[in-house]
Each structure stands twice: as C-alpha cells, then as structure tokens.
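Note: the block below is entry-v1.csv and it holds CSV, C-alpha atoms.
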chain,number,residue,atom,x,y,z
A,1,MET,CA,123.8,153.4,100.3
A,2,ASP,CA,120.8,151.8,101.9
A,3,VAL,CA,121.3,148.7,104.0
A,4,PRO,CA,118.9,146.0,103.0
A,5,GLN,CA,116.3,145.3,105.7
A,6,GLU,CA,116.0,141.9,107.1
A,7,PRO,CA,112.8,140.2,105.8
A,8,ARG,CA,110.0,139.8,108.4
A,9,TRP,CA,110.2,136.0,108.5
A,10,LEU,CA,107.2,134.0,109.5
A,11,ASP,CA,107.4,132.4,113.0
A,12,ALA,CA,106.6,128.7,113.4
A,13,GLU,CA,102.8,129.2,113.9
A,14,GLU,CA,102.6,131.7,111.0
A,15,ALA,CA,104.4,129.2,108.8
A,16,ARG,CA,102.0,126.4,109.7
A,17,THR,CA,99.1,128.7,109.1
A,18,TRP,CA,100.4,129.8,105.8
A,19,ILE,CA,101.1,126.3,104.6
A,20,ALA,CA,97.6,125.2,105.6
A,21,LEU,CA,96.1,128.2,103.8
A,22,ALA,CA,98.3,127.7,100.7
A,23,ARG,CA,97.3,124.0,100.5
A,24,THR,CA,93.6,125.0,100.8
A,25,LEU,CA,94.0,127.6,98.1
A,26,ASN,CA,95.5,124.9,95.8
A,27,ARG,CA,93.2,122.0,96.6
A,28,LEU,CA,89.8,123.5,97.1
A,29,PRO,CA,89.4,124.9,93.6
A,30,ALA,CA,90.5,121.5,92.2
A,31,GLU,CA,88.0,119.7,94.3
A,32,LEU,CA,85.1,122.0,93.3
A,33,ASP,CA,86.1,121.8,89.7
A,34,ALA,CA,86.2,118.0,89.8
A,35,GLN,CA,82.7,117.8,91.4
A,36,LEU,CA,81.2,120.2,88.8
A,37,ARG,CA,82.9,118.4,85.9
A,38,ARG,CA,81.7,115.0,87.1
A,39,ASP,CA,78.1,116.0,88.0
A,40,ALA,CA,77.3,118.9,85.7
A,41,GLY,CA,79.9,118.7,82.8
A,42,ILE,CA,81.2,122.2,83.4
A,43,SER,CA,84.3,123.7,85.0
A,44,HIS,CA,84.2,125.7,88.3
A,45,PHE,CA,85.0,128.9,86.3
A,46,GLU,CA,82.1,128.2,83.9
A,47,TYR,CA,79.8,127.7,86.8
A,48,GLN,CA,81.0,131.0,88.4
A,49,VAL,CA,80.2,132.9,85.1
A,50,LEU,CA,76.7,131.3,85.0
A,51,ALA,CA,76.1,131.9,88.7
A,52,VAL,CA,77.2,135.6,88.5
A,53,LEU,CA,74.9,136.2,85.6
A,54,SER,CA,72.0,134.4,87.3
A,55,ARG,CA,72.2,136.7,90.3
A,56,VAL,CA,71.9,140.1,88.5
A,57,PRO,CA,68.8,141.8,87.3
A,58,ASP,CA,67.9,140.8,83.8
A,59,HIS,CA,70.8,138.3,83.9
A,60,ILE,CA,73.0,140.8,81.9
A,61,LEU,CA,76.4,142.2,82.7
A,62,ARG,CA,79.3,143.8,80.9
A,63,MET,CA,82.0,141.3,80.3
A,64,SER,CA,84.4,143.5,82.3
A,65,GLU,CA,82.1,143.3,85.3
A,66,VAL,CA,81.8,139.5,84.9
A,67,ALA,CA,85.6,139.3,84.8
A,68,THR,CA,85.9,141.3,88.0
A,69,LEU,CA,83.3,139.3,89.9
A,70,THR,CA,84.8,136.0,88.8
A,71,GLU,CA,88.4,137.1,89.4
A,72,GLY,CA,89.2,136.2,85.8
A,73,SER,CA,91.0,138.0,83.1
A,74,LEU,CA,89.1,139.3,80.1
A,75,PRO,CA,91.0,136.9,77.7
A,76,ARG,CA,90.2,133.9,79.8
A,77,LEU,CA,86.6,135.0,80.3
A,78,SER,CA,86.2,135.6,76.6
A,79,GLN,CA,87.3,132.0,75.8
A,80,VAL,CA,84.9,130.6,78.5
A,81,VAL,CA,82.0,132.7,77.3
A,82,ALA,CA,82.6,131.6,73.7
A,83,ARG,CA,82.4,128.0,75.0
A,84,LEU,CA,79.2,128.8,76.9
A,85,GLU,CA,77.8,130.5,73.8
A,86,ARG,CA,78.3,127.4,71.7
A,87,ARG,CA,76.3,125.5,74.3
A,88,GLY,CA,73.5,128.0,74.2
A,89,TRP,CA,73.9,129.1,77.8
A,90,VAL,CA,75.2,132.7,77.3
A,91,SER,CA,75.0,135.2,74.4
A,92,ARG,CA,77.0,138.3,73.8
A,93,THR,CA,76.0,141.6,72.3
A,94,PRO,CA,77.5,145.1,72.1
A,95,ASP,CA,76.4,147.4,74.9
A,96,PRO,CA,73.7,149.7,73.5
A,97,GLU,CA,74.8,152.4,76.0
A,98,ASP,CA,78.5,152.2,75.0
A,99,GLY,CA,79.5,150.1,72.0
A,100,ARG,CA,83.1,149.8,73.4
A,101,TYR,CA,81.7,147.2,75.9
A,102,THR,CA,80.2,143.8,75.3
A,103,LEU,CA,77.3,142.5,77.4
A,104,ALA,CA,77.1,138.9,78.5
A,105,ILE,CA,73.5,137.6,78.7
A,106,LEU,CA,72.4,134.4,80.5
A,107,THR,CA,69.9,132.6,78.3
A,108,ASP,CA,67.0,130.5,79.5
A,109,GLU,CA,69.0,127.4,78.9
A,110,GLY,CA,71.9,128.9,80.9
A,111,ARG,CA,69.5,129.6,83.8
A,112,THR,CA,68.3,126.0,83.6
A,113,LYS,CA,72.0,124.7,83.6
A,114,VAL,CA,73.1,126.8,86.6
A,115,ALA,CA,69.9,125.8,88.5
A,116,GLU,CA,70.6,122.1,87.8
A,117,ALA,CA,74.3,122.4,88.8
A,118,ALA,CA,73.8,124.6,91.9
A,119,PRO,CA,72.5,121.9,94.4
A,120,GLY,CA,75.5,119.6,93.9
A,121,HIS,CA,77.9,122.5,94.0
A,122,VAL,CA,76.4,123.9,97.2
A,123,GLU,CA,76.5,120.5,98.8
A,124,GLU,CA,80.2,120.1,97.9
A,125,VAL,CA,81.0,123.6,99.3
A,126,ARG,CA,79.1,122.7,102.4
A,127,ARG,CA,80.9,119.4,102.8
A,128,LEU,CA,84.4,120.8,102.2
A,129,VAL,CA,84.1,124.2,103.8
A,130,PHE,CA,81.3,124.6,106.3
A,131,ASP,CA,80.7,121.1,107.7
A,132,PRO,CA,84.2,120.9,109.2
A,133,LEU,CA,83.7,124.2,111.0
A,134,THR,CA,81.7,125.4,113.9
A,135,ARG,CA,79.3,128.3,113.3
A,136,ALA,CA,81.8,130.6,115.1
A,137,GLN,CA,84.6,129.4,112.9
A,138,SER,CA,82.5,129.9,109.8
A,139,LYS,CA,81.9,133.5,110.8
A,140,GLN,CA,85.6,134.0,111.5
A,141,LEU,CA,86.5,132.5,108.1
A,142,GLY,CA,84.2,135.0,106.4
A,143,GLU,CA,85.8,137.9,108.3
A,144,ILE,CA,89.3,136.6,107.6
A,145,GLY,CA,88.5,136.3,103.9
A,146,ARG,CA,87.1,139.9,103.8
A,147,ARG,CA,90.2,141.3,105.6
A,148,ILE,CA,92.6,139.5,103.2
A,149,MET,CA,90.6,140.8,100.2
A,150,ARG,CA,90.7,144.3,101.6
A,151,ALA,CA,94.5,144.0,101.9
A,152,ILE,CA,94.6,142.8,98.2
A,153,TYR,CA,92.1,145.5,97.1
A,154,PRO,CA,92.7,148.3,99.6
A,155,ASP,CA,90.8,151.1,97.8
A,156,ASP,CA,90.1,150.3,94.2
A,157,GLY,CA,86.4,149.5,94.8
A,158,SER,CA,86.8,145.8,93.9
A,159,PRO,CA,84.2,143.7,95.7
A,160,VAL,CA,85.3,142.0,98.8
A,161,ASP,CA,82.2,139.9,99.2
A,162,GLY,CA,81.1,137.5,96.6
A,163,ALA,CA,78.7,134.6,96.4
A,164,ASP,CA,79.7,131.5,94.7

Full structure transcribed into structure tokens:
Amino acid sequence: MDVPQEPRWLDAEEARTWIALARTLNRLPAELDAQLRRDAGISHFEYQVLAVLSRVPDHILRMSEVATLTEGSLPRLSQVVARLERRGWVSRTPDPEDGRYTLAILTDEGRTKVAEAAPGHVEEVRRLVFDPLTRAQSKQLGEIGRRIMRAIYPDDGSPVDGAD
C-alpha cells in the first residue's frame, strides 16, 4: 500500500505571488472586455478572433486554427463566428483542400472593425499591463508567460507566443 505523499505546499512568498497572479488572471480579461464593449461594441473574444484573422495571409484560417490561437473551444468559437458573420465581419466556407474543415475569412468590413477597435484596445493593454512595469519587468513578464505556457503545452506544438 502506497503512503500518500505530502503535498508540496506553497510557502508564504509563493502564496502571495499565486494570489496576485490569480487575481490578475481574473480581472485583466474583464477589464479588457469592458473597454472593448464600451468603445467598440465587441467582446474581448470577438476582438481576438478578428485580430487573429487580420494577422494571417489572405485573412483566412481553419476554424480549428482560430480556436487554438484564441485559446477557445470549437463550440464557443462557432457561436462567436456566427455572431460575427451576422454582422458581416467574418464569413465561413468549407475548406476546398479538405471539406472536413471550415475556413473562417475576415471580410473587408471585419478588417475595418478590427482596425477601428485596435487603437483603444492597445492603449488599454498598455495602461493596464505595460505602463506599470519597467522595460526589464516587461521582458521578464514575457519570459515568465512563455515558460508557463511551455509547462501547460510541453510538447504538443501549441503556440507559446501570441499577439493580442
């Protein structure tokens, strides 16, 4: 019979760090979402979908790739893209190379929408994330984020760098 191993409890400094990170992980998305809803009439996730498509050649990606790059599930992405389609910002079509896949295509109107939303979003990201940090801290934060993402996705090829 195996004796249960004692958990590796966090020490006081680790606990303070974890609480600060957990609060940031909860509050930052809500703040970014509020800014985008107020100023652009879209959610943060909708913005991420538009932004991902705006950064790729021809503004076309398989839905599964968009889901990976936005850290969203396919069902959630499908609902959001349907909403973006109704607004005329994204269209969907079967992938001509493999009909099992669906392509998401950013329309001209979608490119306009993301271009209009981007300045306010970037300013909010700068205000909330980068302005409070020194250049060295910003660089450290990037490295910390990449290290955590590599721990989450050790060898499955998921991207550890992403632009928002």

Would you list the contacts of Thr93 of chain A as a list in words, taking every protein, DNA or RNA residue within 8 Å and counting all atoms listed in the file, but skipping same-chain residues closer than 2 positions in sequence?
Ser91, Asp95, Thr102, Leu103, Ala104 and Ile105 of chain A

Exercise: segment 40-49 of chain A partners within 10 Å, only C-alpha atoms, chain neighbours under 3 positions left out, as an MDAnalysis selection string
chainID A and resid 29:37 52:54 63 66:67 69:72 76:77 80:81 83:84 90 104 106 110 113:114 116:118 120:121 163:164

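Atom pair atom CA of Leu10 of chain A / atom CA of Arg23 of chain A has a distance of 16.7 Å (rounded to one decimal).
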
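Comparing A:Arg62, A:Lys139, A:Arg55, A:Arg127 by their smallest distance to Arg100 of chain A, the closest is A:Arg62 (using only C-alpha atoms).
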
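The two atoms in question, atom CA of Glu14 of chain A and atom CA of Gly145 of chain A, are spaced 16.4 Å apart.
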
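If you look at atom CA of Thr107 of chain A and atom CA of Ala82 of chain A, they are 13.5 Å away from each other.
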